[in-house]
Amino acid sequence: MSASNARSTLHLPQGDWPTVLDCLCAHFPSIDRTTWTDRFARGRVLDANGQPLAVTHPYRVGLKVHYFREVPDEPPIPFEEQVLHLDDHLLVADKPHFLPVMPAGGYVNETLLARLCKRVGNADLVPIHRIDRLTAGLVLFSTNPESRGRYQALFRERNIAKRYEAIAPALPGLAFPRVERLHMVDGEPFFLMRRGDGAPNSETRIEVLERRGALWRYALYPVTGRKHQLRLQMATLGAGLCNDPFYPDLLERSRRDQDDYTKPLKLLARGLEFRDPLSGEPRRFESRLQLDW
């Protein structure tokens, strides 16, 4: 059993359950009552003050409950992250393909956050932004709660320049550099995005870095940061990224659920540039990873 030391939080929704246990069982139907009862007994369900809740604790709408995610038989991901920079406020890491940034689904300890918390001995690490599990490259973490908001504002206010690299089919019929704008909406299944009608809500500048016959290496400069933005925009142009299981065509679930480590998604978060909100100095970070043809 893999257990996370990072707490997840739930504000109990409207309902008529007699206990917190009953509410959790209804809210998370994939986790059986015996498992939740065991977590209560081991002090893995806490109140807002971090104190263990009794299995009989009465339900109240809006009650803040902390819990620790647990996954049975979590398989190791055989790729290592690299710490590129660490100071009193920031940690910059190179994330390998296939490693999620945060606990989700079947991943608890095999996440970039869990690994880094253990490596640097700092339980206050929080990612300031995220990249997809299948994407490799730079992820910026806050190491200090007191300065965290200043760095989070860089992304919220679009005061940080992001650069990605991708390998995808050639697009000889289009002029580059170009700016791609899409109106992106939730797709079906729920984890996909699709092109919708309406004013654009996503924007990326695209350049060509290298041409090798049927495949080109692209530089992608996203202005906005919507889910799957780069993957959907490239697929919409007719150049879905190499080894993308989602776009333009969704692979069947049996193939999506089994990672093929020999075929990583050809997408890399290559660079981050910004003016440090504390010192005012320019900061520039570059990934040491490479996309192989």
# chains A, B, ... in the order shown; residues from 1 in each chain; ligands from 1

call {"tool": "select_by_dssp", "arguments": {"residues": "segment 21-230 of chain A", "states": "strand (DSSP E or B)", "output": "PyMOL selection string"}}
result
chain A and resi 45-46+52+58+64-71+82-86+90-95+104+107+126-127+136-142+160-169+178-182+184-186+193-195+202-212+215-222

call {"tool": "residues_around", "arguments": {"residues": "segment 199-206 of chain A", "least_positions_apart": "2", "cutoff": "6 Å", "atoms": "only C-alpha atoms", "output": "list in words"}}
result
Pro177, Arg178, Val179, Glu180, Arg181, Leu182, His183, Ala219, Leu220, Tyr221, Pro222, Val223 and Thr224 of chain A

call {"tool": "closest_residue", "arguments": {"among": "A:Pro145, A:Gly137, A:Pro189, A:Pro78", "to": "Leu125 of chain A", "atoms": "only C-alpha atoms"}}
result
A:Pro145

call {"tool": "select_by_dssp", "arguments": {"residues": "segment 4-54 of chain A", "states": "helix (DSSP H, G or I)", "output": "list of chain:residue names"}}
result
A:Val20, A:Leu21, A:Asp22, A:Cys23, A:Leu24, A:Cys25, A:Ala26, A:His27, A:Arg33, A:Thr34, A:Thr35, A:Trp36, A:Thr37, A:Asp38, A:Arg39, A:Phe40, A:Ala41

call {"tool": "residues_around", "arguments": {"residues": "Arg39 of chain A", "least_positions_apart": "3", "cutoff": "10 Å", "atoms": "only C-alpha atoms", "output": "ChimeraX atom specification"}}
result
/A:33-36,42-45,52-53,55,67-70

call {"tool": "residues_around", "arguments": {"residues": "segment 267-282 of chain A", "least_positions_apart": "2", "cutoff": "6 Å", "atoms": "only C-alpha atoms", "output": "ChimeraX atom specification"}}
result
/A:135-138,160-166,265,284-287

call {"tool": "write_last_selection", "arguments": {"atoms": "N, CA and C atoms", "output": "PDB file, in the first residue's frame"}}
result
ATOM      1  N   THR A 135       3.931  14.844 -20.280  1.00  0.00           N
ATOM      2  CA  THR A 135       4.859  15.882 -20.725  1.00  0.00           C
ATOM      3  C   THR A 135       6.075  15.903 -19.814  1.00  0.00           C
ATOM      4  N   ALA A 136       7.252  16.115 -20.388  1.00  0.00           N
ATOM      5  CA  ALA A 136       8.480  16.239 -19.603  1.00  0.00           C
ATOM      6  C   ALA A 136       8.885  17.704 -19.515  1.00  0.00           C
ATOM      7  N   GLY A 137       9.785  17.993 -18.554  1.00  0.00           N
ATOM      8  CA  GLY A 137      10.376  19.318 -18.512  1.00  0.00           C
ATOM      9  C   GLY A 137      10.197  20.064 -17.219  1.00  0.00           C
ATOM     10  N   LEU A 138      10.301  21.382 -17.298  1.00  0.00           N
ATOM     11  CA  LEU A 138      10.425  22.248 -16.135  1.00  0.00           C
ATOM     12  C   LEU A 138       9.128  22.388 -15.356  1.00  0.00           C
ATOM     13  N   ILE A 160       5.117  35.519 -16.991  1.00  0.00           N
ATOM     14  CA  ILE A 160       6.163  34.526 -17.134  1.00  0.00           C
ATOM     15  C   ILE A 160       6.129  33.994 -18.560  1.00  0.00           C
ATOM     16  N   ALA A 161       7.297  33.891 -19.172  1.00  0.00           N
ATOM     17  CA  ALA A 161       7.387  33.399 -20.556  1.00  0.00           C
ATOM     18  C   ALA A 161       7.697  31.910 -20.520  1.00  0.00           C
ATOM     19  N   LYS A 162       6.859  31.115 -21.190  1.00  0.00           N
ATOM     20  CA  LYS A 162       7.032  29.663 -21.227  1.00  0.00           C
ATOM     21  C   LYS A 162       7.367  29.235 -22.655  1.00  0.00           C
ATOM     22  N   ARG A 163       8.282  28.312 -22.758  1.00  0.00           N
ATOM     23  CA  ARG A 163       8.674  27.805 -24.068  1.00  0.00           C
ATOM     24  C   ARG A 163       8.670  26.279 -24.032  1.00  0.00           C
ATOM     25  N   TYR A 164       8.026  25.678 -25.018  1.00  0.00           N
ATOM     26  CA  TYR A 164       7.967  24.228 -25.148  1.00  0.00           C
ATOM     27  C   TYR A 164       8.598  23.820 -26.471  1.00  0.00           C
ATOM     28  N   GLU A 165       9.011  22.554 -26.534  1.00  0.00           N
ATOM     29  CA  GLU A 165       9.417  21.958 -27.795  1.00  0.00           C
ATOM     30  C   GLU A 165       8.540  20.743 -28.051  1.00  0.00           C
ATOM     31  N   ALA A 166       8.274  20.480 -29.322  1.00  0.00           N
ATOM     32  CA  ALA A 166       7.456  19.332 -29.694  1.00  0.00           C
ATOM     33  C   ALA A 166       7.956  18.771 -31.007  1.00  0.00           C
ATOM     34  N   LEU A 265       5.405  10.868 -25.061  1.00  0.00           N
ATOM     35  CA  LEU A 265       4.837  12.006 -25.779  1.00  0.00           C
ATOM     36  C   LEU A 265       5.959  12.981 -26.130  1.00  0.00           C
ATOM     37  N   ARG A 284      16.018  32.908 -15.516  1.00  0.00           N
ATOM     38  CA  ARG A 284      15.857  32.089 -16.713  1.00  0.00           C
ATOM     39  C   ARG A 284      16.269  30.664 -16.396  1.00  0.00           C
ATOM     40  N   PHE A 285      15.398  29.713 -16.689  1.00  0.00           N
ATOM     41  CA  PHE A 285      15.679  28.303 -16.433  1.00  0.00           C
ATOM     42  C   PHE A 285      15.473  27.517 -17.727  1.00  0.00           C
ATOM     43  N   GLU A 286      16.361  26.554 -17.939  1.00  0.00           N
ATOM     44  CA  GLU A 286      16.360  25.765 -19.161  1.00  0.00           C
ATOM     45  C   GLU A 286      16.407  24.278 -18.804  1.00  0.00           C
ATOM     46  N   SER A 287      15.523  23.490 -19.423  1.00  0.00           N
ATOM     47  CA  SER A 287      15.516  22.054 -19.195  1.00  0.00           C
ATOM     48  C   SER A 287      16.797  21.428 -19.772  1.00  0.00           C
TER      49      SER A 287
END

call {"tool": "atom_distance", "arguments": {"atom1": "atom CA of Asp94 of chain A", "atom2": "atom CA of Val139 of chain A"}}
result
6.5 Å

call {"tool": "residues_around", "arguments": {"residues": "Val92 of chain A", "least_positions_apart": "5", "cutoff": "6 Å", "atoms": "only C-alpha atoms", "output": "list in words"}}
result
Leu84, His85, Val139 and Leu140 of chain A

call {"tool": "atom_distance", "arguments": {"atom1": "atom CA of Pro172 of chain A", "atom2": "atom CA of Leu209 of chain A"}}
result
13.4 Å

call {"tool": "closest_residue", "arguments": {"among": "A:Glu188, A:Asp47, A:Asp132, A:Glu210", "to": "Pro169 of chain A", "atoms": "only C-alpha atoms"}}
result
A:Glu210
